[in-house]
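Student: Submitted below is the structure of interest, expressed as structure tokens.
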Amino acid sequence: MTIWIRKGYNVAVGLLLLTIGLLAVPVKAIELKAGTAKAVITPADFKGRITVMGVAAQSVEHDIYTRVLVLDDGVKKLVFVTYDLNCLDVATPIVRSRALHELGIEPAYLILLATHNHAAPIQIVPTNFDYGRRLADQIFGLIQEAIKNERGPVKVYFGTGHDDWLRTDPRYPGIYGWKGRPIDTEVQVLKVTAGDKTAAILFTQASHPLQASFKKIEVGTPGYTVDEVEKRVPGALGMYNDACGADQFSRKGLVMWASLRTVKKVAHHLSDTVLQIADGSMLEVTGPLSSKLEVLSLPLAPPISYEEAKKLAAKIPKDIGLVPYPNPDRPTNWIRNLLLYYEQHIPFPTKTTDRICTDDAFLVRELPEPREFPCVYEETIVAKIGPLVFVAMQGEVTSPIGKKIKDDFRGKTPLMVTAYMGEHNLYIPTRALIEKKAYEAAVIQIQYASPVGWALSAPDEMVAGVERMIESSLH
């Protein structure tokens, strides 16, 4: 419809006619399709594989899985992949490259999410790299299968609830929270339905998983919860992703360990919460898909002095270089690195984007060979499903960071916030944890060999960066 506005013509009338004309044109509703797939990823040669806790696997208590949900709005596909692993690591850049070049799915639309399972092979161990490469091929094949399984139309719903069986890190009482905020007990649920059937339930919680064993391959509370969800909702794919729970744990058991009976009890409790949310009044968020990935550059602290570095180095082996996990000298890699920087006059990094993370989780200036998708901190994906904003942050993000982001947008937009996305689980600590020199703050050095630690402003800049991405997605 064309409207000509002549000189002297009432502009308001012209705009009114234009509005009436546009309203008369039928608008095609967004129709979503969805496809799902799942497969066992327990390695056939599991015996002796190094697990997250640095011990050799002896047997299999429960197979580990990867699960895929694909949403398709006819223009873009948004792919969610969950896996019963601590992190995807080695497989991440391989899956991203194949998805982009063979399926046209950009990294921003490929959301790779870990359950944070500690009773599974860890890919940062060089002897496990072959497993990671095989895993990449298996996950890619599963994405293809889920795309073939696409059906529609589907509707997508979002809802939340609470699980009070959580506690903060007992090693550091009294320092949790963001300026006095309480811990994060929220459980968030994304449900996909086809007609009167539930096709998938993706849920998340801010907590380390509770494990029954570290020597047996198993799935912990996330996996047993998914088992219950799938059993109680026949035909649905259950998917779990750990949210910003780097400093939170179950109230049951000893931090991360409990008997199998207790682990299953916690899983049953969580599944009750998830299904109460899924069966309750949920917000429909069916709509067009969009997504963006950014690398948020976070500030690092200045190095300690050369004199202090020499004092620390006097107590450790100095000629072994950077040794990988689970070598007992790994926690002192950063001291050897620190000394090397001083003696070879290497400029110290001042922000996370100054360094690239290797397959064995070392922060270095460059990789031996260029990579299409190198691991650089801090990757964040902000996707949209209709009005819902889905945030996926890389690494082990502490709960006050995730809770502050959710609280700051509460009432403004439906918001689902997760962590453990993509490659490598660097902790993102709070200011209080950095000031305390807590474990979560020290990991960047004792596990990633960084010669410097976090700047106190890092968590504030993390929150500001994520919130800027969210705000941008709303306009």
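Chain labels run A, B, ... following the order of the structure tokens; each chain numbers its residues from 1, and ligands are numbered from 1 in the order shown.
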List as a PDB file with C-alpha atoms, in the first residue's frame the protein and nucleic acid residues near Asp242 of chain A, meaning an atom at most 9 Å away when only C-alpha atoms are counted, but skip any in the same chain fewer than 2 places from it.
Tutor:
ATOM      1  CA  LEU A 113      26.625 -27.075  27.300  1.00  0.00           C
ATOM      2  CA  ALA A 114      28.161 -29.327  29.956  1.00  0.00           C
ATOM      3  CA  THR A 115      26.487 -30.999  32.916  1.00  0.00           C
ATOM      4  CA  HIS A 116      29.814 -30.478  34.743  1.00  0.00           C
ATOM      5  CA  PHE A 203      16.670 -27.370  32.578  1.00  0.00           C
ATOM      6  CA  THR A 204      19.464 -25.744  34.523  1.00  0.00           C
ATOM      7  CA  GLN A 205      20.538 -25.197  38.120  1.00  0.00           C
ATOM      8  CA  ALA A 206      23.431 -23.284  39.730  1.00  0.00           C
ATOM      9  CA  SER A 207      25.249 -26.109  41.507  1.00  0.00           C
ATOM     10  CA  HIS A 208      28.157 -28.477  41.242  1.00  0.00           C
ATOM     11  CA  PRO A 209      26.842 -31.995  40.625  1.00  0.00           C
ATOM     12  CA  PRO A 222      22.321 -34.191  36.643  1.00  0.00           C
ATOM     13  CA  TYR A 240      20.585 -30.651  31.817  1.00  0.00           C
ATOM     14  CA  CYS A 244      26.496 -20.408  37.281  1.00  0.00           C
ATOM     15  CA  GLY A 245      27.208 -22.770  40.166  1.00  0.00           C
ATOM     16  CA  THR A 418      23.719 -20.775  31.970  1.00  0.00           C
ATOM     17  CA  ALA A 419      27.466 -21.407  32.106  1.00  0.00           C
ATOM     18  CA  TYR A 420      29.945 -24.210  31.239  1.00  0.00           C
TER      19      TYR A 420
END
Student: Name the residues in contact with Glu369 of chain A at a cut-off of 12 Å, using only C-alpha atoms, excluding same-chain residues fewer than 6 positions from it; report them as a PyMOL selection string.
Tutor: chain A and resi 356+358-359
Student: From the list A:Leu112, A:Val68, A:Leu270, A:Val364, which residue is nearest Gly161 of chain A when using only C-alpha atoms?
Tutor: A:Leu270
Student: For His162 of chain A, which residue among A:Val417, A:Val187, A:Val52, A:Met256 is the nearest when counting only C-alpha atoms?
Tutor: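 Nearest candidate to His162 of chain A out of A:Val417, A:Val187, A:Val52, A:Met256: A:Val187.
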Student: Determine which residues of segment 288-387 of chain A DSSP labels as strand (DSSP E or B) from the backbone of this structure, then write them out as a PDB file with C-alpha atoms, in the first residue's frame.
Tutor:
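Heads up, here's the output in part.pdb:
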ATOM      1  CA  LEU A 289      15.576 -17.224  16.447  1.00  0.00           C
ATOM      2  CA  SER A 290      18.684 -15.067  16.639  1.00  0.00           C
ATOM      3  CA  SER A 291      22.055 -15.342  18.353  1.00  0.00           C
ATOM      4  CA  LYS A 292      25.357 -13.564  18.856  1.00  0.00           C
ATOM      5  CA  LEU A 293      28.719 -14.701  20.238  1.00  0.00           C
ATOM      6  CA  GLU A 294      31.229 -12.259  21.686  1.00  0.00           C
ATOM      7  CA  VAL A 295      34.540 -12.588  23.496  1.00  0.00           C
ATOM      8  CA  PRO A 299      41.226  -7.490  33.178  1.00  0.00           C
ATOM      9  CA  LEU A 300      44.148  -9.215  34.865  1.00  0.00           C
ATOM     10  CA  LYS A 351      43.574  -8.928  29.904  1.00  0.00           C
ATOM     11  CA  ILE A 356      44.937 -18.340  23.941  1.00  0.00           C
ATOM     12  CA  CYS A 357      44.103 -21.542  25.807  1.00  0.00           C
ATOM     13  CA  LEU A 363      47.180 -19.814  28.656  1.00  0.00           C
ATOM     14  CA  VAL A 364      49.834 -19.047  26.031  1.00  0.00           C
ATOM     15  CA  CYS A 375      39.807 -20.770  22.785  1.00  0.00           C
ATOM     16  CA  GLU A 379      33.203 -16.339  25.242  1.00  0.00           C
ATOM     17  CA  THR A 380      29.527 -15.531  25.760  1.00  0.00           C
ATOM     18  CA  ILE A 381      26.521 -16.392  23.613  1.00  0.00           C
ATOM     19  CA  VAL A 382      23.297 -14.394  23.853  1.00  0.00           C
ATOM     20  CA  ALA A 383      20.526 -16.051  21.837  1.00  0.00           C
ATOM     21  CA  LYS A 384      16.847 -15.242  21.471  1.00  0.00           C
ATOM     22  CA  ILE A 385      13.840 -17.509  21.089  1.00  0.00           C
TER      23      ILE A 385
END
Student: May I have the residues within 10 Å of Gly152 of chain A as an MDAnalysis selection string, using only C-alpha atoms and disregarding those fewer than 5 positions away in the same chain?
Tutor: chainID A and resid 31:35 71:73 193:195
Student: May I have the residues from that selection written out with C-alpha atoms, as an mmCIF file, in the first residue's frame?
Tutor:
data_model
loop_
_atom_site.group_PDB
_atom_site.id
_atom_site.type_symbol
_atom_site.label_atom_id
_atom_site.label_comp_id
_atom_site.auth_asym_id
_atom_site.auth_seq_id
_atom_site.Cartn_x
_atom_site.Cartn_y
_atom_site.Cartn_z
ATOM 1 C CA GLU A 31 6.383 -21.561 12.851
ATOM 2 C CA LEU A 32 9.114 -23.469 14.630
ATOM 3 C CA LYS A 33 10.276 -27.008 13.988
ATOM 4 C CA ALA A 34 12.333 -29.081 16.413
ATOM 5 C CA GLY A 35 14.470 -32.196 16.196
ATOM 6 C CA LEU A 71 15.106 -25.443 16.820
ATOM 7 C CA ASP A 72 14.418 -24.198 13.281
ATOM 8 C CA ASP A 73 12.399 -21.062 12.395
ATOM 9 C CA THR A 193 5.979 -29.259 22.780
ATOM 10 C CA ALA A 194 4.554 -30.734 19.587
ATOM 11 C CA GLY A 195 0.771 -30.822 19.829
#
Student: From a backbone DSSP assignment, name each residue in segment 201-293 of chain A labelled alpha helix (DSSP H), as a CSV table (one decimal) with C-alpha atoms, in the first residue's frame.
Tutor:
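Below is the file that was written, states.csv:
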chain,number,residue,atom,x,y,z
A,220,GLY,CA,26.0,-37.7,39.1
A,221,THR,CA,22.8,-35.8,40.1
A,222,PRO,CA,22.3,-34.2,36.6
A,223,GLY,CA,22.3,-37.5,34.8
A,224,TYR,CA,20.0,-39.3,37.3
A,225,THR,CA,17.7,-36.3,37.2
A,226,VAL,CA,17.5,-36.5,33.4
A,227,ASP,CA,16.8,-40.2,33.8
A,228,GLU,CA,13.8,-39.4,35.9
A,229,VAL,CA,12.5,-36.7,33.7
A,230,GLU,CA,12.6,-38.9,30.6
A,231,LYS,CA,11.0,-41.8,32.6
A,232,ARG,CA,8.2,-39.6,33.8
A,260,LEU,CA,24.6,-43.5,45.3
A,261,ARG,CA,21.4,-43.6,47.4
A,262,THR,CA,21.8,-39.9,48.4
A,263,VAL,CA,22.8,-38.9,44.9
A,264,LYS,CA,19.6,-40.4,43.5
A,265,LYS,CA,17.5,-38.9,46.3
A,266,VAL,CA,18.8,-35.4,45.4
A,267,ALA,CA,18.1,-36.2,41.7
A,268,HIS,CA,14.5,-37.2,42.6
A,269,HIS,CA,14.0,-34.0,44.5
A,270,LEU,CA,15.4,-31.9,41.5
A,271,SER,CA,13.2,-33.8,39.0
A,272,ASP,CA,10.1,-33.1,41.1
A,273,THR,CA,11.0,-29.4,40.9
A,274,VAL,CA,11.6,-29.5,37.2
A,275,LEU,CA,8.4,-31.3,36.4
A,276,GLN,CA,6.4,-29.0,38.7
A,277,ILE,CA,7.7,-26.1,36.6
A,278,ALA,CA,7.1,-27.9,33.3
A,279,ASP,CA,3.5,-28.9,34.3
Student: Which value, in Å to one decimal, gives the distance between atom CA of Ile143 of chain A and atom CA of Ile111 of chain A?
Tutor: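 If I compute the distance from atom CA of Ile143 of chain A to atom CA of Ile111 of chain A, I get 11.5 Å.
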Student: Please compute the atom CA of Asp196 of chain A-atom CA of Phe158 of chain A distance, one decimal, in Å.
Tutor: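 Separation between atom CA of Asp196 of chain A and atom CA of Phe158 of chain A: 16.4 Å.
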Student: For each of A:Gly54, A:Pro153, A:Pro347, A:Gly280, take the minimum atom-to-atom distance to Pro328 of chain A, counting only C-alpha atoms, then give the residue where this is smallest.
Tutor: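 For Pro328 of chain A, the nearest of the candidates is A:Gly54.
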Student: Which residue out of A:Ala438, A:Ile183, A:Ala464, A:Ile105 has the minimum interatomic distance to Asp163 of chain A when only C-alpha atoms are used?
Tutor: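 Among A:Ala438, A:Ile183, A:Ala464, A:Ile105, it is A:Ile183 that comes nearest to Asp163 of chain A.
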Student: Nearest to Arg431 of chain A among A:Pro400, A:Ala29, A:Met416, A:Asp407, with distances taken over only C-alpha atoms: which residue is it?
Tutor: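 Of the candidates, the smallest distance to Arg431 of chain A is held by A:Pro400.
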Student: For Gly422 of chain A, work out the shell of residues within 12 Å, counting only C-alpha atoms and skipping chain neighbours fewer than 4 positions away, then give it as a PDB file with C-alpha atoms, in the first residue's frame.
Tutor:
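So part-v4.pdb came out as:
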ATOM      1  CA  PHE A  80      21.636 -27.004  21.881  1.00  0.00           C
ATOM      2  CA  VAL A  81      24.072 -29.815  22.742  1.00  0.00           C
ATOM      3  CA  THR A  82      24.421 -31.149  26.282  1.00  0.00           C
ATOM      4  CA  TYR A  83      26.878 -33.807  27.431  1.00  0.00           C
ATOM      5  CA  LEU A  85      31.176 -34.202  30.813  1.00  0.00           C
ATOM      6  CA  ASN A  86      33.008 -31.597  32.853  1.00  0.00           C
ATOM      7  CA  CYS A  87      33.611 -29.666  29.631  1.00  0.00           C
ATOM      8  CA  LEU A  88      33.853 -30.386  25.909  1.00  0.00           C
ATOM      9  CA  ASP A  89      37.404 -29.034  25.459  1.00  0.00           C
ATOM     10  CA  VAL A  90      39.238 -30.730  22.542  1.00  0.00           C
ATOM     11  CA  ALA A  91      36.034 -31.462  20.631  1.00  0.00           C
ATOM     12  CA  THR A  92      34.771 -27.859  20.668  1.00  0.00           C
ATOM     13  CA  PRO A  93      36.737 -26.275  17.770  1.00  0.00           C
ATOM     14  CA  ILE A  94      36.281 -29.419  15.661  1.00  0.00           C
ATOM     15  CA  VAL A  95      32.485 -29.474  16.092  1.00  0.00           C
ATOM     16  CA  ARG A  96      32.278 -25.729  15.443  1.00  0.00           C
ATOM     17  CA  PRO A 107      29.324 -20.871  16.356  1.00  0.00           C
ATOM     18  CA  ALA A 108      26.837 -18.394  17.846  1.00  0.00           C
ATOM     19  CA  TYR A 109      24.003 -20.776  16.923  1.00  0.00           C
ATOM     20  CA  LEU A 110      25.769 -23.868  18.308  1.00  0.00           C
ATOM     21  CA  ILE A 111      25.318 -23.795  22.080  1.00  0.00           C
ATOM     22  CA  LEU A 112      27.550 -26.456  23.649  1.00  0.00           C
ATOM     23  CA  LEU A 113      26.625 -27.075  27.300  1.00  0.00           C
ATOM     24  CA  ALA A 114      28.161 -29.327  29.956  1.00  0.00           C
ATOM     25  CA  THR A 115      26.487 -30.999  32.916  1.00  0.00           C
ATOM     26  CA  HIS A 116      29.814 -30.478  34.743  1.00  0.00           C
ATOM     27  CA  ASN A 241      23.128 -27.848  31.794  1.00  0.00           C
ATOM     28  CA  LEU A 293      28.719 -14.701  20.238  1.00  0.00           C
ATOM     29  CA  PHE A 373      38.285 -21.287  16.432  1.00  0.00           C
ATOM     30  CA  PRO A 374      40.911 -20.809  19.157  1.00  0.00           C
ATOM     31  CA  CYS A 375      39.807 -20.770  22.785  1.00  0.00           C
ATOM     32  CA  VAL A 376      39.961 -17.169  24.038  1.00  0.00           C
ATOM     33  CA  TYR A 377      38.267 -15.988  27.236  1.00  0.00           C
ATOM     34  CA  GLU A 378      35.547 -15.034  27.933  1.00  0.00           C
ATOM     35  CA  GLU A 379      33.203 -16.339  25.242  1.00  0.00           C
ATOM     36  CA  THR A 380      29.527 -15.531  25.760  1.00  0.00           C
ATOM     37  CA  ILE A 381      26.521 -16.392  23.613  1.00  0.00           C
ATOM     38  CA  ALA A 392      25.453 -19.098  27.810  1.00  0.00           C
ATOM     39  CA  MET A 393      28.780 -18.145  29.392  1.00  0.00           C
ATOM     40  CA  GLN A 394      32.068 -19.972  29.030  1.00  0.00           C
ATOM     41  CA  GLY A 395      33.721 -21.517  32.070  1.00  0.00           C
ATOM     42  CA  GLU A 396      32.839 -21.990  35.720  1.00  0.00           C
ATOM     43  CA  THR A 418      23.719 -20.775  31.970  1.00  0.00           C
ATOM     44  CA  LEU A 426      38.170 -21.399  33.796  1.00  0.00           C
TER      45      LEU A 426
END
Student: Of the candidates A:Met421, A:Ala99, A:Leu433, A:Val219, which one gets nearest to Ile147 of chain A if we count only C-alpha atoms?
Tutor: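 Once distances to Ile147 of chain A are computed over only C-alpha atoms, the minimum belongs to A:Ala99.
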Student: Neighbours of Thr36 of chain A within 8 Å (only C-alpha atoms; same-chain residues fewer than 4 positions away dropped), as a list in words?
Tutor: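 The neighbour list is Arg67, Val68, Leu69, Val70, Glu145, Ala146, Ile147, Asn149, Glu150, Ala199, Ala200 and Leu237 of chain A.
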Student: When you look at Pro387 of chain A with a cut-off of 10 Å (counting only C-alpha atoms), what residues show up, excluding the ones that are within fewer than 3 positions of it in the same chain? I need them as a VMD selection string.
Tutor: chain A and resid 283 to 289 384 390 413 to 415 473 to 474
Student: So what do you get for atom CA of Met469 of chain A versus atom CA of Val156 of chain A, distance-wise?
Tutor: 22.5 Å
